[in-house]
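S.K.: I have a structure I would like to understand better, so I am pasting it below and will then ask my questions one at a time.
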Amino acid sequence: MDAQGPGGAGDLDPADQWVFDPNTGNYELRLNAAETSADDTTELRRVSRSSSRDGATDSEPRGRRRAAKRESEKEKEKATGPVSRRKPKPKKSKTKKALYWGSGTLAFLLVGGSAAAYFVYQHLNNNISKVDVGENNAAVSDGPMNILLIGTDRRDGKGNEGYGDAGSVGHADTTLLFHVSEDRSNATVLSIPRDMITDIPNCRTKQKDGAFKSIPGESEVRFNTSLGQEGRDPGCTWQTVEKLTGLQIDHFMMADFNAVKEMSSAVGGVEVCLAKDVNDPKSHLNLKKGRHTIQGEEALAFVRTRHTVGFGGDLDRIKLQQQFLSSLMRKMKDSGTLTSPGKMWGLAQTATKALTVDTGIGTVNKLASLGKNLSKVDLKNVTFATVPVVDNTDGATVLLDKTKAEPLFSMVRQDVSLTEVKKKEKAAKDEQAARLKGPKSDPADVRVKVLNGSGQFGAAQETVDWMQNTEGMLLTSNGGNAPSELKKTTLEYAPNQADQARRLADSMGLPASAMKEGTKDAEPKAEMSLTLGADFKGAGTPISAPAKAPKDIQRVEADDKNVCAK
């Protein structure tokens with residue numbers, strides 16, 4: 001609500017507009033007359049009447065309902081004694097928890113809704129900025145979800161004055177890929193260094209007139225140029241991350257410098273820790289050693305500083321950002337924000353004004369659906385990790401450390417948690433894993449037809465050549481393209497081919513989930529059927545992800561309160 005001077009909407013405390021309705025047991029947002037249409041008022045009355053706890057219908061005359069209620073109370077008084085006239089205590093609202101996952105500067109926001117969601121939607125929906133990136137995925141999917149979080153260094157706009165070059169179009173200054181497991185038991189957040197040298201693919205951007213413009217890609221440039229430069233939009237960063245990690249992104253959320261100031265203030269400050277005094281004139285951060293609760297300009301300075309921590313580079317700033325985001329998440333969970341209508345309203349206003357999202361989650365309802373789904377993840381199972389890199393020879397940029405990065409990406413692609421998580425359906429998984437245990441046939445006895453469902457040209461023949469020339473599996477054949485592309489590689493075999501299947505699984509590094517055993521034995525010379533999926537990364541590269549992350553990767557557990565920046 002914009003301030004409108006004395007007596008206007010600006011004089012109203014948002015908390016005063018959330019009124020408890022004893023008929024429904026919920027808080028409802030009562031807007032002032034200037035902001036509430038006649039249709040909205042009619043809808044509110046209709047909802048209140050139809051939600052009445054005494055079960056009366058709208059068509060029943062009000063006087064008759066009251067008389068019936070008084071008669072009911074008299075009968076009850078005769079049986080049990082005087083009926084208390086004191087108003088009943090409000091029932092706790094069944095609050096929808098909406099998890100707005102913002103960018104590196106917006107971070108992770110929980111926003112609540114109630115019976116007044118209809119009005120909240122109308123009031124907040126126009127705050128959200130949307131970019132059509134050519135994808136319109138459903139807000140929520142049943143499988144794993146990947147959400148790209150982008151914090152830009154855009155310098156213009158209200159609240160961003162005084163930071164760097166005025167009029168900058170902004171870069172992908174802070175980029176995180178938030179992966180939530182299929183069973184919602186855990187999440188991994190990968191920080192992508194802005195100065196990492198990578199390739200940016202060709203991308204299409206939608207113009208103001210509705211037409212699409214094709215922007216050529218570039219090779220061996222800084223990652224942060226995937227946004228803003230040459231007219232690139234968040235869809236270009238989206239495609240760059242997909243190419244880098246092999247993960248399919250579902251949605252993006254983006255915010256600028258001002259978001260971290262507003263968000264940190266909206267929650268009443270975020271606790272951070274420094275292992276030494278920091279005085280950075282470039283970011284304007286000046287804090288003594290120890291713990292501090294920061295908000296506004298000071299919070300922005302904290303996530304921007306780098307020259308006086310660690311080695312003074314972007315990788316050390318990423319550690320500060322991960323500490324800040326983890327602390328903000330804990331604050332949101334622990335501060336009682338979700339039970340306070342006033343705090344919820346202020347937080348919702350701040351979050352929606354700060355966000356730019358894809359069209360798939362471009363409304364408050366869709367964001368709420370996404371948030372409710374993602375909020376199932378326990379903070380103790382959320383891990384921040386930095387994409388492994390090595391120094392470049394120029395001293396100003398870094399290069400992807402493929403030896404460590406590929407196993408890490410593989411774990412995320414295959415939904416392997418970086419934390420110890422008690423998995424569901426353990427008995428079924430143990431039974432499946434048992435298929436990999438047992439005798440293995442000689443490579444020369446393995447008969448298998450390889451089909452290409454990976455989407456990669458020539459993958460089946462590449463695999464057959466590798467099997468025959470490297471693994472000694474001479475009885476293999478190319479089955480051509482599969483009827484459709486698959487996300488995951490599968491091996492179909494008969495019970496009497498289990499020895500061959502285990503040998504092939506051992507050679508290719510197939511996970512237990514890829515083993516599809518039939519119920520009937522096959523003919524003596526029948527072939528098994530191996531269908532390559534999108535998880536196929538090349539002949540000789542194990543399909544299965546490692547069980548543990550590579551050593552020495554930088555990581556932070558979201559529920560760790562003892563992290564202190566050095």
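FYI, nothing fancy with the structure tokens labels: chains A, B, ... in order, residues from 1 per chain, ligands from 1 as they appear.
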Could you pull out the residues in range 319-540 of chain A that DSSP calls strand (DSSP E or B) from the backbone, as a PyMOL selection string?
M.R.: chain A and resi 356-358+382-386+389-391+398-400+448-452+476-481+490-493+515-517+528-532
S.K.: Measuring atom to atom with only C-alpha atoms, identify which of A:Met196, A:Cys273, A:Met145, A:Leu285 is nearest to Gln323 in chain A.
M.R.: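 When distances to Gln323 in chain A are compared using only C-alpha atoms, the smallest one comes from A:Cys273.
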S.K.: If you take only C-alpha atoms and a cut-off of 10 Å, which residues of range 227-247 of chain A touch range 390-410 of chain A, and what are their nearest atom pairs and distances in Å to one decimal, in chain and number order, as JSON lines?
M.R.:
{"residue": "A:Leu244", "atom": "CA", "partner": "A:Phe409", "partner_atom": "CA", "distance": 9.1}
{"residue": "A:Thr245", "atom": "CA", "partner": "A:Phe409", "partner_atom": "CA", "distance": 5.8}
{"residue": "A:Gly246", "atom": "CA", "partner": "A:Phe409", "partner_atom": "CA", "distance": 7.5}
{"residue": "A:Leu247", "atom": "CA", "partner": "A:Phe409", "partner_atom": "CA", "distance": 8.0}
